[in-house]
Each structure stands twice: as structure tokens, then as C-alpha cells.
Amino acid sequence: MKPSGASSTTNDDARAPPRGALATARRLGPGLIVAGSIVGSGELIATTKVGAEAGFTLLWLIVLGCVVKVFTQVEFGRSAVGGGRGALQLLDGLPGPRWRGGWAVWLWVVMTALTLGQQGGIVGGVGQALAMALPLTESGAAVQALQDQLVALQVQAATQPLALGGSDAAAAEGARLREAIGAAGSAPDAVIWAAALTAPTAAVLVVGRFTLIQLFATAMVVAFTIVTVLTVALLQGQPDWAIRADEFVSGLRGALPPSRDDGGSSMQTALAAFGIIGVGAAELVMYPYWCLEKGYAKWSGRADGSAAWRARARGWLRVMKWDAWMSAAVYTFATVAFYLLGAAVLGRAGLNPEKGAMVRTLAQMYVPVFGEWARPMFLIGAFCVLYSTFFVASAGLARIAADCVVVLGFAPDEADVRRRWTRFFCGLLPVVSFAVFAWFEAPAQLVMAGGVAQALMLPVLGFGALWARYRWTDPGLCPGRAWDAALWLSCAAFVVVGVWSLATV
């Protein structure tokens, strides 16, 4: 069965693809938006959490998770450029059971429901950052002070245990502080701040346009990534925190981490992170829609199989590949930097980003370099990168959700109808995400649950990419054997991660 939503592009919009590096660079964009969605929940929260739990051991998995997905990402982009299809239209054409839409589309609906929880964790992280900077209630200020003391105690216990009178004294003081935090209850400050951000975000997204989202995402990602990479570099000047060459090399050997002292599994955390680091399942589905909105398919002209169309399409596919790989270079570099920080600082200090102390714990990564400046600097950076993810991912999910309404037959396949549904979901989805956070108030756990859901979806997306490659790709746009081999490797990795995640849920 062919995928639904055949391209209605005409040759009136066709234009020649750019030639030269500068001309090509001006036509990039979808990958930068996806990077804006990635460098947040995946890098700042999930990746550093893996480093905190597993040390340097799983660096290889983090790098693999960033690189191996790009081949599937490009294949989804090829379907968009060569056929004008969004990802759900592609998934709807897969063989198998159907009810209004294909089985894979319904799996996406389930994954997205959990992804909204991940979005809730992200907006909760933004709320925590603002609550740390500006507590709104007396109870909030009291809880913040207690959590500050607890995190400082944990750091000192890891670096100067004798100054605390030994490990037993440190443990006793830690237990006292945890009991005091529990007795203080949950302060509403983070929820209030998250609500204050959600409403204007929804309003901006309803009236937003591609250029606004692209510029916003690019600025946010670049700023905080530069700070993080600089921190890793300067960390080498701190004897207690410097990353040794043997530690870095050990992380690339393909080893698995030992069991944690608390009985938890660092590998399970890592597999959840694999689902969202780099191009996660949500971003793989999202990417074709940004390619379509950028204009790659429209500029290729009507997909009539002619020599002229194939020449234009190949040119715009080349631009799309540059877009995908340039963004991959950015977020892979950022992901490795975040992982190394998590392993070098949080892992050595025995800190793990959890619940109400997530943002505060993450801020400790910057203390060895920036000292007292670390906290305000991190709060600004965390706000930028997490809010960027919340903003960009909400915009992308709204476009996919609008397409889902059409694919499932609840609305006609018309451009005006899609725009109206997109605006509706732009207003709705941020509010739903906030509601999930307000109910659970556990940002790190919500993000990791979304990562598990995305890891389980990866094999389905791999199958969709292979089906599109061999059943629907125009012969004139087919890649070479080396690319096909890499695509199969990418999909095989998806199957391994999906099966392993299912077995450990």
C-alpha cells in the first residue's frame, strides 16, 4: 500500500537547488530546529544522568546514539523531499492491521502521549530553575535552602570526607536534611513558574512561523553549548575534576556498566537516554515536517519522475543531507560535552539528578570551574536550553498531531484545515504537558519515561525507513550500497535497543 497524502506540489514553486557552500548554508534550517529540541531533555538531563550513574563507561553508547540515527533521519527526509510525505503518512502506508489508520500510526499516538510527559518534565525543569532564582513563597525559599545544604553536603562528602567527621557523620547529616525536606512538603513555586511560562508559550506558538522558531532554537542552543564546551575545557585545569586520558578511552571500549549500589540499572537509564539523545524517535518523526515547511519538496517541483524533477530533487536532497549532518555534528559535540561533565563531576561526587533537586544537582557540574558564579550562570543556561526544547518540541508535535488528524480520517486533507489543526494543537499541547508535570512533579523521571517510550518506537521507525527506501523511493533518488549498509546498521541498532528496553521496562 502506498502512503497516504500524496504530494500536491506543482512546478510553479520549483527552483534550482543552491550551488556552493554559502548558498547551501542559507538553505539549512530543519536540522537546527531539531537540534533546538534535542539539546535539552536529551543532553542536559538524560545524558548527564547517565554520566552520573555510569561514569565514563557508556560514552561509546552516547556517541553511537547520536551518529547511528542520522541515516534513518535522512531516509525520512528523502521521503519528504521526493514524495511530499510527512512521517505519519509514511507510517500509515506500512503493511499490517488498520483501523482508520495503520498500526504504526496508533503506536505513534501512544508514544506521543508519553512524550507529553517528557515535555512536562522539561517545563518542570524550567520551573525549577526559576524557582531557585526567584522563590515565590516562604515554603519554597525554605525548601530551596534545605536542598542547597543537602547538595553541598553530598559534594563535600565526596571531595573532603574528613572535614565532615567521616562518612558516618555525613550520612547522618544527609538523613537529617532529607527528613527535613520531606517534612517541609512540596513547595508550589516550580509549578507556579511553569504555569506562568506555559500560557505565553502556547500563545506565541499559535501565531508563530518557521523563521521565528528557527532563530529562537538556534540562539538558545548555540549559547549554552558554547558555555558547556568551555566548562569541559576549563575543567582540565582542576586536578580533582580533570578528565584523564585513560578514563576517556575506557568510555569508548564498548563495556557495560556495573550494577549500582542502590540496585538500579545504569544500563536501563542509558537505553532510555538512547531513545532521546541525538535524533530521538520524536525528532525522527518531526524532521520531515520541518523539511516540508522549509520548502525542500516544494522547490523540487511536482514528483512526476521526469529527468528535470529528479535533477532538482537530487539537488535539494543534497541540501537536506548537509542540514542533517551539520546539525548532527552540533548536537553530538554538545552531547559528549554534557556526558563528560556528568561523569567527571556528578559521577565522582555521587550526585544524581532527581525530582525536586534536579536542576540544583545539574548546576553542580559547573561549580569546579565557575565557583560562586556557577549557579546563576547555570540557571540562565538551563532556562535557555530547556525552554528552547519545550518551545520547539511543542511546535513540532503540533504539526505532527495535525497530520495525524488527517491521516486517521478525522479531517480532510486540505492545507487550510491542517493549519487550523496545527494552531489548535500549538495551544493545547503545552498546556497538557504542564498538567502532567503539575500532577507528578518529578521532571527527571518524566523525561526518562519519555525516553523509554521513544526507545520502544525506534524499531518501528527503522522498519518504516527501510520500507520507504525499497518500496517507495524513486529509482533516480536511491542512495548507493554504502548508504544502504549504514541504514541497515542504523535500523539493527534500533531493534536491539527497542528489544532491550522492552525486556527491562
# chains A, B, ... in the order shown; residues from 1 in each chain; ligands from 1

call {"tool": "residues_around", "arguments": {"residues": "region 124-138 of chain A", "least_positions_apart": "6", "cutoff": "7 Å", "atoms": "only C-alpha atoms", "output": "list in words"}}
result
Gln144, Asp189, Ala190, Val191, Trp193, Ala194, Val359, Leu379, Ala382, Phe383, Leu386, Tyr387, Phe437 and Pro443 of chain A

call {"tool": "write_last_selection", "arguments": {"atoms": "C-alpha atoms", "output": "short mmCIF file (atom, residue, chain, number, x, y, z; two decimals), in the first residue's frame"}}
result
data_model
loop_
_atom_site.label_atom_id
_atom_site.label_comp_id
_atom_site.auth_asym_id
_atom_site.auth_seq_id
_atom_site.Cartn_x
_atom_site.Cartn_y
_atom_site.Cartn_z
CA GLN A 144 15.40 25.65 48.44
CA ASP A 189 7.00 27.62 43.32
CA ALA A 190 8.17 25.44 40.41
CA VAL A 191 4.59 24.69 39.38
CA TRP A 193 6.63 29.37 37.38
CA ALA A 194 5.92 26.55 34.90
CA VAL A 359 18.23 21.49 38.38
CA LEU A 379 20.16 28.87 35.86
CA ALA A 382 19.24 25.82 31.89
CA PHE A 383 16.34 28.16 31.28
CA LEU A 386 15.20 23.63 28.45
CA TYR A 387 12.76 26.29 27.37
CA PHE A 437 4.21 17.97 35.45
CA PRO A 443 10.95 16.13 35.96
#

call {"tool": "select_by_dssp", "arguments": {"residues": "region 227-256 of chain A", "states": "alpha helix (DSSP H)", "output": "JSON, numbers by chain"}}
result
{"A": [227, 228, 229, 230, 231, 232, 233, 234, 235, 245, 246, 247, 248, 249, 250]}

call {"tool": "residues_around", "arguments": {"residues": "Ala307 (chain A)", "least_positions_apart": "6", "cutoff": "12 Å", "atoms": "only C-alpha atoms", "output": "PyMOL selection string"}}
result
chain A and resi 300-301+313-314+474-477

call {"tool": "write_last_selection", "arguments": {"atoms": "C-alpha atoms", "output": "short mmCIF file (atom, residue, chain, number, x, y, z; two decimals), in the first residue's frame"}}
result
data_model
loop_
_atom_site.label_atom_id
_atom_site.label_comp_id
_atom_site.auth_asym_id
_atom_site.auth_seq_id
_atom_site.Cartn_x
_atom_site.Cartn_y
_atom_site.Cartn_z
CA SER A 300 11.85 20.20 -6.07
CA GLY A 301 8.60 20.56 -8.03
CA ALA A 313 15.17 16.65 -6.18
CA ARG A 314 18.70 15.26 -6.01
CA ASP A 474 12.03 6.91 -6.90
CA PRO A 475 14.81 4.97 -8.68
CA GLY A 476 16.50 8.23 -9.58
CA LEU A 477 16.80 9.20 -5.90
#

call {"tool": "residues_around", "arguments": {"residues": "region 109-120 of chain A", "least_positions_apart": "3", "cutoff": "8 Å", "atoms": "only C-alpha atoms", "output": "list of chain:residue names"}}
result
A:Ser41, A:Val105, A:Trp106, A:Val123, A:Gly124, A:Ala282, A:Phe390, A:Ala393, A:Ser394, A:Leu429, A:Pro430, A:Val432, A:Ser433, A:Phe434, A:Ala435, A:Val436, A:Phe437, A:Pro443, A:Leu446, A:Val447, A:Met448, A:Ala449, A:Gly450, A:Gly451, A:Ala453, A:Gln454, A:Met457

call {"tool": "closest_residue", "arguments": {"among": "A:Val406, A:Gly84, A:Trp488, A:Ile62", "to": "Ala46 (chain A)", "atoms": "only C-alpha atoms"}}
result
A:Ile62

call {"tool": "atom_distance", "arguments": {"atom1": "CA of Ala233 (chain A)", "atom2": "CA of Gly342 (chain A)"}}
result
13.9 Å

call {"tool": "closest_residue", "arguments": {"among": "A:Ala324, A:Leu456, A:Ala187, A:Leu234", "to": "Gly498 (chain A)", "atoms": "only C-alpha atoms"}}
result
A:Leu456

call {"tool": "select_by_dssp", "arguments": {"residues": "region 66-169 of chain A", "states": "strand (DSSP E)", "output": "ChimeraX atom specification"}}
result
/A:98-99,101-102

call {"tool": "write_last_selection", "arguments": {"atoms": "N, CA and C atoms", "output": "mmCIF file, in the first residue's frame"}}
result
data_model
loop_
_atom_site.group_PDB
_atom_site.id
_atom_site.type_symbol
_atom_site.label_atom_id
_atom_site.label_comp_id
_atom_site.auth_asym_id
_atom_site.auth_seq_id
_atom_site.Cartn_x
_atom_site.Cartn_y
_atom_site.Cartn_z
ATOM 1 N N ARG A 98 -5.155 -2.360 10.254
ATOM 2 C CA ARG A 98 -5.581 -0.970 10.125
ATOM 3 C C ARG A 98 -6.923 -0.782 10.820
ATOM 4 N N TRP A 99 -7.088 0.387 11.419
ATOM 5 C CA TRP A 99 -8.389 0.862 11.857
ATOM 6 C C TRP A 99 -8.362 2.369 11.746
ATOM 7 N N GLY A 101 -6.497 4.187 10.511
ATOM 8 C CA GLY A 101 -5.117 4.388 10.112
ATOM 9 C C GLY A 101 -4.311 3.135 10.393
ATOM 10 N N GLY A 102 -3.069 3.132 9.948
ATOM 11 C CA GLY A 102 -2.223 1.966 10.133
ATOM 12 C C GLY A 102 -1.804 1.777 11.583
#

call {"tool": "residues_around", "arguments": {"residues": "Gly83 (chain A)", "least_positions_apart": "3", "cutoff": "9 Å", "atoms": "only C-alpha atoms", "output": "MDAnalysis selection string"}}
result
chainID A and resid 6:7 78:80 86 297 302:303 472:474

call {"tool": "write_last_selection", "arguments": {"atoms": "N, CA and C atoms", "output": "PDB file, in the first residue's frame"}}
result
ATOM      1  N   ALA A   6      -0.503  11.960  -0.835  1.00  0.00           N
ATOM      2  CA  ALA A   6       0.394  12.166  -1.964  1.00  0.00           C
ATOM      3  C   ALA A   6       0.658  13.641  -2.167  1.00  0.00           C
ATOM      4  N   SER A   7       1.824  13.944  -2.623  1.00  0.00           N
ATOM      5  CA  SER A   7       2.213  15.338  -2.804  1.00  0.00           C
ATOM      6  C   SER A   7       1.351  16.043  -3.841  1.00  0.00           C
ATOM      7  N   ARG A  78      14.272  11.987   2.896  1.00  0.00           N
ATOM      8  CA  ARG A  78      14.207  11.644   1.479  1.00  0.00           C
ATOM      9  C   ARG A  78      12.752  11.420   1.053  1.00  0.00           C
ATOM     10  N   SER A  79      11.980  10.768   1.910  1.00  0.00           N
ATOM     11  CA  SER A  79      10.567  10.529   1.599  1.00  0.00           C
ATOM     12  C   SER A  79       9.795  11.840   1.522  1.00  0.00           C
ATOM     13  N   ALA A  80      10.186  12.813   2.373  1.00  0.00           N
ATOM     14  CA  ALA A  80       9.516  14.116   2.340  1.00  0.00           C
ATOM     15  C   ALA A  80       9.881  14.894   1.083  1.00  0.00           C
ATOM     16  N   GLY A  86       4.785  13.502   4.946  1.00  0.00           N
ATOM     17  CA  GLY A  86       5.177  13.580   6.336  1.00  0.00           C
ATOM     18  C   GLY A  86       5.412  12.185   6.874  1.00  0.00           C
ATOM     19  N   ALA A 297      10.583  20.033  -0.583  1.00  0.00           N
ATOM     20  CA  ALA A 297       9.745  19.294  -1.538  1.00  0.00           C
ATOM     21  C   ALA A 297       9.112  20.240  -2.550  1.00  0.00           C
ATOM     22  N   ARG A 302       6.846  19.147  -8.827  1.00  0.00           N
ATOM     23  CA  ARG A 302       5.946  18.004  -8.808  1.00  0.00           C
ATOM     24  C   ARG A 302       6.712  16.706  -9.085  1.00  0.00           C
ATOM     25  N   ALA A 303       6.458  15.692  -8.241  1.00  0.00           N
ATOM     26  CA  ALA A 303       7.179  14.417  -8.368  1.00  0.00           C
ATOM     27  C   ALA A 303       6.604  13.602  -9.515  1.00  0.00           C
ATOM     28  N   TRP A 472       9.172   2.686  -2.029  1.00  0.00           N
ATOM     29  CA  TRP A 472       8.564   3.933  -2.492  1.00  0.00           C
ATOM     30  C   TRP A 472       9.561   4.943  -3.061  1.00  0.00           C
ATOM     31  N   THR A 473      10.849   4.775  -2.798  1.00  0.00           N
ATOM     32  CA  THR A 473      11.811   5.762  -3.277  1.00  0.00           C
ATOM     33  C   THR A 473      11.934   5.696  -4.795  1.00  0.00           C
ATOM     34  N   ASP A 474      11.857   6.843  -5.439  1.00  0.00           N
ATOM     35  CA  ASP A 474      12.027   6.908  -6.896  1.00  0.00           C
ATOM     36  C   ASP A 474      13.412   6.378  -7.264  1.00  0.00           C
TER      37      ASP A 474
END

call {"tool": "closest_residue", "arguments": {"among": "A:Val452, A:Val232, A:Leu28, A:Ala503", "to": "Ala337 (chain A)", "atoms": "only C-alpha atoms"}}
result
A:Val232

call {"tool": "closest_residue", "arguments": {"among": "A:Phe494, A:Trp290, A:Phe410, A:Tyr331", "to": "Arg85 (chain A)", "atoms": "only C-alpha atoms"}}
result
A:Trp290

call {"tool": "atom_distance", "arguments": {"atom1": "CA of Glu179 (chain A)", "atom2": "CA of Asp148 (chain A)"}}
result
14.2 Å

call {"tool": "residues_around", "arguments": {"residues": "Ala329 (chain A)", "least_positions_apart": "6", "cutoff": "12 Å", "atoms": "only C-alpha atoms", "output": "list in words"}}
result
Gly31, Leu32, Ala35, Val63, Cys66, Val67, Val70, Gly278, Val279, Trp322, Asp323, Thr335 and Val336 of chain A

call {"tool": "residues_around", "arguments": {"residues": "Thr231 (chain A)", "least_positions_apart": "3", "cutoff": "12 Å", "atoms": "only C-alpha atoms", "output": "JSON, numbers by chain"}}
result
{"A": [224, 225, 226, 227, 228, 234, 235, 236, 237, 238, 241, 242, 243, 334, 337, 338, 340, 341, 342, 344, 345, 363, 364, 365, 366, 367, 368, 369, 370, 371, 374, 377, 378]}

call {"tool": "atom_distance", "arguments": {"atom1": "CA of Lys321 (chain A)", "atom2": "CA of Thr422 (chain A)"}}
result
26.6 Å
